[in-house]
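Colleague: Provided below: protein.pdb, containing PDB, C-alpha atoms.
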ATOM      1  CA  MET E   1      -0.911 -18.935  13.203
ATOM      2  CA  THR E   2       2.792 -18.345  12.636
ATOM      3  CA  ILE E   3       4.267 -14.899  12.044
ATOM      4  CA  PRO E   4       6.361 -14.988   8.838
ATOM      5  CA  ARG E   5      10.114 -14.966   9.390
ATOM      6  CA  GLY E   6      11.861 -11.699   8.630
ATOM      7  CA  SER E   7       8.714  -9.642   9.071
ATOM      8  CA  MET E   8       8.203  -6.458  11.069
ATOM      9  CA  VAL E   9       5.164  -6.422  13.334
ATOM     10  CA  ASN E  10       3.770  -3.453  15.211
ATOM     11  CA  THR E  11       6.543  -0.985  14.401
ATOM     12  CA  GLU E  12       5.200   2.426  15.435
ATOM     13  CA  VAL E  13       6.736   4.782  12.896
ATOM     14  CA  VAL E  14       4.888   7.838  14.180
ATOM     15  CA  ASP E  15       2.438   8.266  17.035
ATOM     16  CA  GLY E  16      -0.554   6.038  16.389
ATOM     17  CA  VAL E  17       0.601   4.713  13.000
ATOM     18  CA  ARG E  18       2.047   1.210  12.922
ATOM     19  CA  LEU E  19       3.903  -0.460  10.066
ATOM     20  CA  LEU E  20       3.570  -4.137   9.182
ATOM     21  CA  SER E  21       6.120  -5.271   6.614
ATOM     22  CA  HIS E  22       6.866  -8.624   5.033
ATOM     23  CA  ALA E  23       8.511  -9.656   1.773
ATOM     24  CA  HIS E  24       9.001  -5.996   0.811
ATOM     25  CA  VAL E  25       5.275  -5.266   1.123
ATOM     26  CA  ASN E  26       3.857  -2.794   3.672
ATOM     27  CA  CYS E  27       0.502  -2.195   5.267
ATOM     28  CA  TYR E  28      -0.436   0.103   8.130
ATOM     29  CA  LEU E  29      -2.628   0.438  11.207
ATOM     30  CA  ILE E  30      -3.878   3.889  12.161
ATOM     31  CA  GLU E  31      -5.117   4.115  15.746
ATOM     32  CA  ASP E  32      -7.033   6.599  17.846
ATOM     33  CA  ASP E  33      -9.635   6.511  20.611
ATOM     34  CA  ASP E  34     -12.333   5.468  18.120
ATOM     35  CA  GLY E  35     -10.544   2.329  16.951
ATOM     36  CA  VAL E  36      -8.311   1.237  14.094
ATOM     37  CA  THR E  37      -8.154   1.919  10.360
ATOM     38  CA  LEU E  38      -6.233  -0.622   8.292
ATOM     39  CA  VAL E  39      -4.514   0.691   5.181
ATOM     40  CA  ASP E  40      -3.864  -1.931   2.501
ATOM     41  CA  ALA E  41      -4.012  -5.683   2.924
ATOM     42  CA  GLY E  42      -0.541  -6.709   1.798
ATOM     43  CA  LEU E  43      -0.095 -10.390   1.015
ATOM     44  CA  PRO E  44      -2.109 -13.373   2.324
ATOM     45  CA  SER E  45       0.667 -14.496   4.671
ATOM     46  CA  MET E  46       0.492 -11.147   6.507
ATOM     47  CA  TRP E  47      -2.862 -11.978   8.140
ATOM     48  CA  PRO E  48      -1.222 -13.412  11.319
ATOM     49  CA  MET E  49       0.828 -10.211  11.541
ATOM     50  CA  VAL E  50      -2.329  -8.122  11.707
ATOM     51  CA  LEU E  51      -3.738 -10.299  14.490
ATOM     52  CA  GLU E  52      -0.456 -10.059  16.394
ATOM     53  CA  ALA E  53      -0.260  -6.287  15.931
ATOM     54  CA  LEU E  54      -3.788  -5.822  17.267
ATOM     55  CA  GLU E  55      -3.028  -8.005  20.273
ATOM     56  CA  ARG E  56       0.201  -6.172  21.083
ATOM     57  CA  SER E  57      -1.671  -2.877  20.842
ATOM     58  CA  ASP E  58      -4.404  -4.142  23.175
ATOM     59  CA  ARG E  59      -6.906  -3.897  20.340
ATOM     60  CA  ARG E  60      -9.591  -6.331  19.238
ATOM     61  CA  PRO E  61     -10.635  -7.162  15.669
ATOM     62  CA  ASP E  62     -14.030  -5.582  16.314
ATOM     63  CA  GLU E  63     -12.225  -2.256  16.818
ATOM     64  CA  VAL E  64     -11.157  -2.237  13.156
ATOM     65  CA  ARG E  65     -13.565   0.225  11.546
ATOM     66  CA  ALA E  66     -12.495  -0.179   7.922
ATOM     67  CA  LEU E  67      -9.855  -1.489   5.569
ATOM     68  CA  VAL E  68      -8.842   1.217   3.085
ATOM     69  CA  LEU E  69      -7.101   0.116  -0.111
ATOM     70  CA  THR E  70      -4.774   2.574  -1.802
ATOM     71  CA  HIS E  71      -5.414   0.559  -4.980
ATOM     72  CA  GLY E  72      -6.452  -2.859  -6.205
ATOM     73  CA  HIS E  73      -3.226  -4.658  -7.116
ATOM     74  CA  PHE E  74      -2.647  -8.172  -5.769
ATOM     75  CA  ASP E  75       0.030  -7.113  -3.278
ATOM     76  CA  HIS E  76      -2.378  -4.670  -1.620
ATOM     77  CA  VAL E  77      -5.511  -6.823  -1.369
ATOM     78  CA  GLY E  78      -3.881  -9.995   0.005
ATOM     79  CA  PHE E  79      -6.052 -10.560   3.080
ATOM     80  CA  ALA E  80      -8.863  -8.124   2.207
ATOM     81  CA  ALA E  81     -11.456 -10.780   1.416
ATOM     82  CA  ARG E  82     -10.646 -12.592   4.653
ATOM     83  CA  ALA E  83     -10.971  -9.412   6.718
ATOM     84  CA  ARG E  84     -14.328  -8.683   5.127
ATOM     85  CA  ARG E  85     -15.547 -12.258   5.649
ATOM     86  CA  GLU E  86     -14.280 -12.916   9.179
ATOM     87  CA  TRP E  87     -14.596  -9.438  10.679
ATOM     88  CA  ASN E  88     -17.418  -8.052   8.548
ATOM     89  CA  VAL E  89     -15.273  -4.975   8.079
ATOM     90  CA  PRO E  90     -15.998  -2.610   5.167
ATOM     91  CA  VAL E  91     -13.328  -2.577   2.464
ATOM     92  CA  LEU E  92     -13.035   0.824   0.780
ATOM     93  CA  VAL E  93     -11.495   1.442  -2.637
ATOM     94  CA  HIS E  94     -11.775   4.156  -5.269
ATOM     95  CA  PRO E  95     -14.556   3.333  -7.773
ATOM     96  CA  LYS E  96     -12.077   3.193 -10.635
ATOM     97  CA  ASP E  97     -10.281   0.306  -8.894
ATOM     98  CA  THR E  98     -13.358  -1.680  -7.833
ATOM     99  CA  ARG E  99     -12.982  -4.177 -10.661
ATOM    100  CA  LEU E 100      -9.217  -4.448 -10.146
ATOM    101  CA  ALA E 101      -9.656  -5.205  -6.430
ATOM    102  CA  ALA E 102     -11.993  -8.044  -7.391
ATOM    103  CA  HIS E 103      -9.573  -9.323 -10.070
ATOM    104  CA  PRO E 104      -6.157  -8.122  -8.858
ATOM    105  CA  TYR E 105      -4.099  -9.700 -11.646
ATOM    106  CA  ARG E 106      -6.192  -8.362 -14.525
ATOM    107  CA  TYR E 107      -4.379  -5.213 -15.489
ATOM    108  CA  ARG E 108      -2.204  -4.121 -18.373
ATOM    109  CA  PRO E 109       0.914  -2.121 -17.478
ATOM    110  CA  GLU E 110       2.814   0.004 -19.971
ATOM    111  CA  ARG E 111       5.527  -2.624 -20.393
ATOM    112  CA  ASN E 112       5.633  -6.403 -20.163
ATOM    113  CA  ARG E 113       6.340  -7.204 -16.521
ATOM    114  CA  LEU E 114       7.433 -10.770 -17.350
ATOM    115  CA  LEU E 115      10.451  -9.476 -19.275
ATOM    116  CA  TYR E 116      11.516  -6.886 -16.702
ATOM    117  CA  PRO E 117      13.599  -9.200 -14.482
ATOM    118  CA  LEU E 118      15.809 -10.001 -17.476
ATOM    119  CA  THR E 119      16.981  -6.393 -17.636
ATOM    120  CA  HIS E 120      16.676  -5.688 -13.897
ATOM    121  CA  PRO E 121      18.217  -8.723 -12.145
ATOM    122  CA  ARG E 122      18.214  -6.950  -8.769
ATOM    123  CA  SER E 123      14.465  -7.421  -8.774
ATOM    124  CA  LEU E 124      14.692 -11.215  -8.685
ATOM    125  CA  PRO E 125      15.268 -11.659  -4.922
ATOM    126  CA  VAL E 126      12.518  -9.119  -4.178
ATOM    127  CA  LEU E 127       9.966 -10.728  -6.466
ATOM    128  CA  GLY E 128      10.995 -14.161  -5.219
ATOM    129  CA  ARG E 129      10.271 -13.237  -1.603
ATOM    130  CA  MET E 130       6.922 -11.778  -2.614
ATOM    131  CA  ALA E 131       6.029 -14.982  -4.449
ATOM    132  CA  MET E 132       6.987 -17.097  -1.428
ATOM    133  CA  ALA E 133       4.738 -14.895   0.705
ATOM    134  CA  GLY E 134       1.704 -15.645  -1.449
ATOM    135  CA  ALA E 135       1.847 -12.983  -4.159
ATOM    136  CA  LEU E 136       0.865 -15.517  -6.831
ATOM    137  CA  ASN E 137      -2.233 -16.764  -5.010
ATOM    138  CA  VAL E 138      -4.239 -13.696  -4.002
ATOM    139  CA  LYS E 139      -8.021 -13.827  -4.037
ATOM    140  CA  GLY E 140      -9.775 -10.643  -5.072
ATOM    141  CA  VAL E 141     -12.278  -8.911  -2.834
ATOM    142  CA  GLU E 142     -15.897  -8.412  -3.871
ATOM    143  CA  GLY E 143     -18.458  -6.116  -2.308
ATOM    144  CA  THR E 144     -16.119  -3.188  -1.745
ATOM    145  CA  GLU E 145     -17.495   0.215  -0.837
ATOM    146  CA  GLU E 146     -16.700   3.569  -2.422
ATOM    147  CA  LEU E 147     -13.696   5.429  -1.060
ATOM    148  CA  ALA E 148     -14.567   9.118  -0.901
ATOM    149  CA  THR E 149     -11.858  11.581  -1.885
ATOM    150  CA  GLY E 150     -11.114  15.192  -1.042
ATOM    151  CA  THR E 151     -12.400  15.111   2.510
ATOM    152  CA  ALA E 152     -11.455  13.643   5.876
ATOM    153  CA  LEU E 153     -13.005  10.227   6.324
ATOM    154  CA  PRO E 154     -15.036   9.519   9.486
ATOM    155  CA  LEU E 155     -12.538   6.826  10.457
ATOM    156  CA  PRO E 156      -9.788   6.532  13.067
ATOM    157  CA  GLY E 157      -7.005   8.968  12.192
ATOM    158  CA  ARG E 158      -9.348  11.085  10.057
ATOM    159  CA  PRO E 159      -7.372  10.407   6.849
ATOM    160  CA  THR E 160      -7.948  12.714   3.907
ATOM    161  CA  VAL E 161      -7.989  10.719   0.672
ATOM    162  CA  VAL E 162      -6.477  12.205  -2.489
ATOM    163  CA  HIS E 163      -6.916  10.596  -5.911
ATOM    164  CA  THR E 164      -3.504  10.001  -7.502
ATOM    165  CA  PRO E 165      -4.070   8.094 -10.763
ATOM    166  CA  GLY E 166      -1.305   6.647 -12.874
ATOM    167  CA  HIS E 167      -0.092   3.520 -11.123
ATOM    168  CA  THR E 168      -3.722   2.439 -11.429
ATOM    169  CA  ASP E 169      -6.780   4.410 -12.490
ATOM    170  CA  GLY E 170      -8.111   4.567  -8.948
ATOM    171  CA  HIS E 171      -4.931   4.882  -6.916
ATOM    172  CA  CYS E 172      -5.243   7.106  -3.829
ATOM    173  CA  ILE E 173      -2.992   8.408  -1.084
ATOM    174  CA  LEU E 174      -4.022   9.066   2.516
ATOM    175  CA  HIS E 175      -2.941  12.254   4.255
ATOM    176  CA  LEU E 176      -2.981  12.496   8.057
ATOM    177  CA  PRO E 177      -2.490  16.249   8.610
ATOM    178  CA  GLU E 178      -2.599  16.065  12.407
ATOM    179  CA  ARG E 179       0.211  13.503  12.386
ATOM    180  CA  ASP E 180       2.211  15.105   9.557
ATOM    181  CA  VAL E 181       2.137  11.850   7.586
ATOM    182  CA  VAL E 182       1.165  10.767   4.089
ATOM    183  CA  LEU E 183       0.587   7.105   3.243
ATOM    184  CA  SER E 184       1.655   7.077  -0.380
ATOM    185  CA  GLY E 185       0.770   3.533  -1.416
ATOM    186  CA  ASP E 186       2.459   2.929  -4.766
ATOM    187  CA  ALA E 187       2.178   6.524  -5.950
ATOM    188  CA  LEU E 188       5.637   6.933  -4.434
ATOM    189  CA  VAL E 189       7.747   4.071  -3.095
ATOM    190  CA  THR E 190      11.239   3.784  -1.656
ATOM    191  CA  LEU E 191      11.820   0.325  -3.139
ATOM    192  CA  ASP E 192      10.633  -0.713  -6.574
ATOM    193  CA  PRO E 193      10.034  -4.486  -6.603
ATOM    194  CA  TYR E 194      10.348  -4.562 -10.391
ATOM    195  CA  THR E 195      13.829  -3.043 -10.557
ATOM    196  CA  GLY E 196      15.221  -3.572  -7.059
ATOM    197  CA  HIS E 197      16.191   0.116  -6.909
ATOM    198  CA  VAL E 198      15.889   1.922  -3.585
ATOM    199  CA  GLY E 199      15.037   5.550  -2.907
ATOM    200  CA  PRO E 200      11.944   7.644  -3.674
ATOM    201  CA  GLN E 201      10.481   6.839  -7.098
ATOM    202  CA  ILE E 202       7.329   5.818  -8.890
ATOM    203  CA  VAL E 203       6.853   2.110  -9.586
ATOM    204  CA  ALA E 204       8.308   0.913 -12.883
ATOM    205  CA  SER E 205       6.156   0.791 -15.990
ATOM    206  CA  ALA E 206       6.218  -3.011 -15.617
ATOM    207  CA  ALA E 207       3.461  -2.526 -13.025
ATOM    208  CA  THR E 208       2.170   0.985 -13.744
ATOM    209  CA  LYS E 209      -0.670   1.676 -16.153
ATOM    210  CA  ASP E 210       0.325   5.223 -17.119
ATOM    211  CA  THR E 211       3.721   6.492 -16.004
ATOM    212  CA  ARG E 212       3.071   9.996 -17.326
ATOM    213  CA  ARG E 213       0.025  10.318 -15.063
ATOM    214  CA  ALA E 214       1.921   8.681 -12.200
ATOM    215  CA  LEU E 215       4.637  11.325 -12.437
ATOM    216  CA  ALA E 216       2.008  14.081 -12.606
ATOM    217  CA  SER E 217       0.304  12.700  -9.493
ATOM    218  CA  LEU E 218       3.491  13.250  -7.507
ATOM    219  CA  ASP E 219       2.357  16.881  -7.245
ATOM    220  CA  ALA E 220      -0.442  15.717  -4.949
ATOM    221  CA  VAL E 221       2.041  13.868  -2.743
ATOM    222  CA  ALA E 222       4.229  16.957  -2.468
ATOM    223  CA  ALA E 223       1.212  19.174  -1.798
ATOM    224  CA  THR E 224       0.531  17.357   1.466
ATOM    225  CA  GLY E 225       3.717  18.910   2.854
ATOM    226  CA  ALA E 226       4.003  15.899   5.172
ATOM    227  CA  THR E 227       7.284  15.270   6.941
ATOM    228  CA  THR E 228       6.877  11.475   6.915
ATOM    229  CA  VAL E 229       6.070   9.412   3.814
ATOM    230  CA  LEU E 230       4.927   5.835   4.391
ATOM    231  CA  PRO E 231       5.106   3.884   1.106
ATOM    232  CA  GLY E 232       3.618   0.616  -0.048
ATOM    233  CA  HIS E 233       7.113  -0.778  -0.637
ATOM    234  CA  GLY E 234      10.359   0.171   1.041
ATOM    235  CA  ARG E 235      11.351   2.008   4.176
ATOM    236  CA  PRO E 236       9.587   5.040   5.618
ATOM    237  CA  TRP E 237      10.932   8.387   4.443
ATOM    238  CA  PHE E 238      11.386  11.096   7.096
ATOM    239  CA  GLN E 239      12.846  13.929   5.006
ATOM    240  CA  GLY E 240       9.596  15.365   3.750
ATOM    241  CA  ALA E 241       7.168  14.653   0.935
ATOM    242  CA  ARG E 242       8.505  17.482  -1.217
ATOM    243  CA  GLU E 243      12.057  16.142  -1.046
ATOM    244  CA  ALA E 244      10.828  12.616  -1.780
ATOM    245  CA  VAL E 245       8.990  13.881  -4.843
ATOM    246  CA  ARG E 246      12.067  15.765  -6.008
ATOM    247  CA  HIS E 247      14.049  12.516  -5.875
ATOM    248  CA  ALA E 248      11.286  10.613  -7.668
ATOM    249  CA  LEU E 249      11.144  13.166 -10.469
ATOM    250  CA  ASP E 250      14.902  12.948 -10.879
ATOM    251  CA  VAL E 251      14.548   9.185 -11.329
ATOM    252  CA  GLY E 252      11.600   9.653 -13.677
ATOM    253  CA  ARG E 253      10.209   6.917 -15.882
ATOM    254  CA  HIS E 254      11.830   3.487 -15.677
TER     255      HIS E 254
END
Would you mind writing the structure in this file as structure tokens?
Modeller:
Amino acid sequence: MTIPRGSMVNTEVVDGVRLLSHAHVNCYLIEDDDGVTLVDAGLPSMWPMVLEALERSDRRPDEVRALVLTHGHFDHVGFAARARREWNVPVLVHPKDTRLAAHPYRYRPERNRLLYPLTHPRSLPVLGRMAMAGALNVKGVEGTEELATGTALPLPGRPTVVHTPGHTDGHCILHLPERDVVLSGDALVTLDPYTGHVGPQIVASAATKDTRRALASLDAVAATGATTVLPGHGRPWFQGAREAVRHALDVGRH
């Protein structure tokens, strides 16, 4: 399998947390002595990147204990069905996003996403790269398991899952207190694919179900107090979750 051009493979952003990024979409590997937790499944073309990252880290696929989805949108479940089928790995998602993960295009955002590029032309190159990377041909994942919230999961990295609805009904973030990191999914991003704007923000209403709830859920991101924020889109943020949230609230609804 060929690694996609322009991708980042096996970038260790903090100790034991590796970033895989392609076509403005991120997923993560969390490692410890017990194995690997995958967070989000990106786009279909990122599958070879996961295999390469495991190999470079001297890990085997059978060391992957679970794939945790922050939510069920198409650009976060890209290779989830394949991981479940080929590795027999459990795929965890919040119950309110179970149906979305199985049908990742069946959602209604606040605003028509098809019209957004007309008023936000900077989004066109971003969305174009995502489409070329398979964003228009994602298969949903069936047979997911319930993602428990409010407690540390018995998985590598011991992530604590916090429900942060708004972007989707079942969106969750993962806090790694021992590593001073929060994986924010699309609750807070540093690049919005639907506007092309960079910097901490929520995702535009072209892809968010309830922007009011999304803005309210930023409180949960800030409450982690994490120094490093690892988003679903855009570059890592190292200036603290509270500062990222302050920026996102300044941007507000868009």
Colleague: So which residues are close to (11.7, 10.0, -10.2), meaning at most 12 Å away in the file's coordinates with all atoms listed in the file counted, and can you show them as a ChimeraX atom specification?
Modeller: /E:187-192,197-204,211-212,214-219,243-254
Colleague: Can you list every residue of stretch 72-99 of chain E that has an atom at most 9 Å from stretch 140-160 of chain E, with its nearest atom pair and the distance in Å to one decimal, using only C-alpha atoms, ordered by chain then number, as a tab-separated table?
Modeller:
residue	atom	partner	partner_atom	distance
E:Gly72	CA	E:Gly140	CA	8.5
E:Phe74	CA	E:Gly140	CA	7.6
E:Val77	CA	E:Gly140	CA	6.8
E:Gly78	CA	E:Gly140	CA	7.8
E:Phe79	CA	E:Val141	CA	8.7
E:Ala80	CA	E:Val141	CA	6.1
E:Ala81	CA	E:Val141	CA	4.7
E:Arg82	CA	E:Val141	CA	8.5
E:Arg84	CA	E:Val141	CA	8.2
E:Pro90	CA	E:Glu145	CA	6.8
E:Val91	CA	E:Thr144	CA	5.1
E:Leu92	CA	E:Glu145	CA	4.8
E:Val93	CA	E:Leu147	CA	4.8
E:His94	CA	E:Leu147	CA	4.8
E:Pro95	CA	E:Glu146	CA	5.8
E:Thr98	CA	E:Thr144	CA	6.9
E:Arg99	CA	E:Glu142	CA	8.5
Colleague: Keeping only C-alpha atoms, take the residues you just selected and write them out as a PDB file, in the frame of the given file.
Modeller:
ATOM      1  CA  GLY E  72      -6.452  -2.859  -6.205  1.00  0.00           C
ATOM      2  CA  PHE E  74      -2.647  -8.172  -5.769  1.00  0.00           C
ATOM      3  CA  VAL E  77      -5.511  -6.823  -1.369  1.00  0.00           C
ATOM      4  CA  GLY E  78      -3.881  -9.995   0.005  1.00  0.00           C
ATOM      5  CA  PHE E  79      -6.052 -10.560   3.080  1.00  0.00           C
ATOM      6  CA  ALA E  80      -8.863  -8.124   2.207  1.00  0.00           C
ATOM      7  CA  ALA E  81     -11.456 -10.780   1.416  1.00  0.00           C
ATOM      8  CA  ARG E  82     -10.646 -12.592   4.653  1.00  0.00           C
ATOM      9  CA  ARG E  84     -14.328  -8.683   5.127  1.00  0.00           C
ATOM     10  CA  PRO E  90     -15.998  -2.610   5.167  1.00  0.00           C
ATOM     11  CA  VAL E  91     -13.328  -2.577   2.464  1.00  0.00           C
ATOM     12  CA  LEU E  92     -13.035   0.824   0.780  1.00  0.00           C
ATOM     13  CA  VAL E  93     -11.495   1.442  -2.637  1.00  0.00           C
ATOM     14  CA  HIS E  94     -11.775   4.156  -5.269  1.00  0.00           C
ATOM     15  CA  PRO E  95     -14.556   3.333  -7.773  1.00  0.00           C
ATOM     16  CA  THR E  98     -13.358  -1.680  -7.833  1.00  0.00           C
ATOM     17  CA  ARG E  99     -12.982  -4.177 -10.661  1.00  0.00           C
TER      18      ARG E  99
END
Colleague: By how many Å are atom CA of E:Thr224 and atom CA of E:Phe238 apart?
Modeller: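 Result for atom CA of E:Thr224 versus atom CA of E:Phe238: 13.7 Å, one decimal.
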Colleague: Can you list, as a PyMOL selection string, every protein, DNA or RNA residue that comes within 6 Å of E:Leu69 when you count all atoms listed in the file, leaving out same-chain residues fewer than 2 positions away?
Modeller: chain E and resi 39-40+71+93
Colleague: Counting all atoms listed in the file, write as a ChimeraX atom specification all protein and nucleic acid residues lying at most 10 Å from (-10.8, -1.4, 12.5) in the file's frame.
Modeller: /E:29-31,34-39,54,59-68,83,87,89-90,155-156
Colleague: What does the structure give for the distance between atom CA of E:Gly170 and atom CA of E:Lys96, in Å to one decimal?
Modeller: 4.5 Å
Colleague: What is the atom CA of E:Leu43 to atom CA of E:Ala102 distance in Å?
Modeller: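 Rounded to one decimal, the two atoms are 14.8 Å apart.
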Colleague: Mind checking which residues fall within 7 Å of stretch 103-111 of chain E, counting only C-alpha atoms, ignoring those fewer than 2 positions away in the same chain, and posting them as number ranges by chain?
Modeller: E: 72-74, 99-101, 113, 140, 205-210
Colleague: Go through E:Asp15, E:Asp169, E:Glu86, E:Asp32 and flag the residue nearest E:Trp47, using all atoms listed in the file for the distances.
Modeller: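 Ranked by minimum distance to E:Trp47, first place goes to E:Glu86.
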Colleague: If you apply the PyMOL selection byres ((chain E and resi 226-237) around 9) to this file, what residues do you get, as a PyMOL selection string?
Modeller: chain E and resi 13-14+19+21+24-28+40+42+70+76+175-177+179-193+198-200+221-225+238-242+244
Colleague: With distances taken over all atoms listed in the file, which of E:Asp97, E:Ser45, E:Asp58, E:Ile173 is nearest to E:Leu136?
Modeller: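 So, comparing all the options, the nearest one is E:Ser45.
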Colleague: Kindly output stretch 123-145 of chain E as a short mmCIF file (atom, residue, chain, number, x, y, z; two decimals), in the frame of the given file, after building N, CA and C atoms.
Modeller:
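Printed below is out-v4.cif as written:
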data_model
loop_
_atom_site.label_atom_id
_atom_site.label_comp_id
_atom_site.auth_asym_id
_atom_site.auth_seq_id
_atom_site.Cartn_x
_atom_site.Cartn_y
_atom_site.Cartn_z
N SER E 123 15.85 -7.21 -9.19
CA SER E 123 14.46 -7.42 -8.77
C SER E 123 14.19 -8.87 -8.40
N LEU E 124 15.00 -9.80 -8.86
CA LEU E 124 14.69 -11.22 -8.68
C LEU E 124 14.54 -11.64 -7.23
N PRO E 125 15.48 -11.27 -6.32
CA PRO E 125 15.27 -11.66 -4.92
C PRO E 125 14.01 -11.04 -4.32
N VAL E 126 13.70 -9.80 -4.71
CA VAL E 126 12.52 -9.12 -4.18
C VAL E 126 11.25 -9.84 -4.63
N LEU E 127 11.15 -10.07 -5.93
CA LEU E 127 9.97 -10.73 -6.47
C LEU E 127 9.86 -12.16 -5.96
N GLY E 128 11.00 -12.81 -5.76
CA GLY E 128 11.00 -14.16 -5.22
C GLY E 128 10.43 -14.21 -3.82
N ARG E 129 10.82 -13.27 -2.98
CA ARG E 129 10.27 -13.24 -1.60
C ARG E 129 8.77 -12.96 -1.62
N MET E 130 8.35 -12.07 -2.51
CA MET E 130 6.92 -11.78 -2.61
C MET E 130 6.15 -13.03 -3.04
N ALA E 131 6.70 -13.76 -3.99
CA ALA E 131 6.03 -14.98 -4.45
C ALA E 131 5.93 -16.00 -3.32
N MET E 132 7.00 -16.15 -2.55
CA MET E 132 6.99 -17.10 -1.43
C MET E 132 5.98 -16.69 -0.36
N ALA E 133 5.68 -15.40 -0.30
CA ALA E 133 4.74 -14.90 0.70
C ALA E 133 3.30 -14.91 0.21
N GLY E 134 3.07 -15.47 -0.98
CA GLY E 134 1.70 -15.64 -1.45
C GLY E 134 1.27 -14.70 -2.54
N ALA E 135 2.21 -13.98 -3.16
CA ALA E 135 1.85 -12.98 -4.16
C ALA E 135 1.22 -13.58 -5.41
N LEU E 136 1.41 -14.89 -5.63
CA LEU E 136 0.86 -15.52 -6.83
C LEU E 136 -0.49 -16.18 -6.59
N ASN E 137 -1.00 -16.06 -5.36
CA ASN E 137 -2.23 -16.76 -5.01
C ASN E 137 -3.18 -15.87 -4.22
N VAL E 138 -3.38 -14.66 -4.69
CA VAL E 138 -4.24 -13.70 -4.00
C VAL E 138 -5.66 -13.78 -4.55
N LYS E 139 -6.61 -13.87 -3.65
CA LYS E 139 -8.02 -13.83 -4.04
C LYS E 139 -8.49 -12.38 -4.02
N GLY E 140 -9.22 -11.99 -5.04
CA GLY E 140 -9.78 -10.64 -5.07
C GLY E 140 -10.85 -10.46 -4.03
N VAL E 141 -11.24 -9.22 -3.83
CA VAL E 141 -12.28 -8.91 -2.83
C VAL E 141 -13.48 -8.29 -3.54
N GLU E 142 -14.63 -8.90 -3.32
CA GLU E 142 -15.90 -8.41 -3.87
C GLU E 142 -16.62 -7.58 -2.81
N GLY E 143 -17.62 -6.85 -3.25
CA GLY E 143 -18.46 -6.12 -2.31
C GLY E 143 -17.76 -4.95 -1.64
N THR E 144 -16.79 -4.35 -2.32
CA THR E 144 -16.12 -3.19 -1.74
C THR E 144 -17.06 -1.98 -1.75
N GLU E 145 -16.72 -1.01 -0.93
CA GLU E 145 -17.50 0.22 -0.84
C GLU E 145 -16.68 1.38 -1.38
#
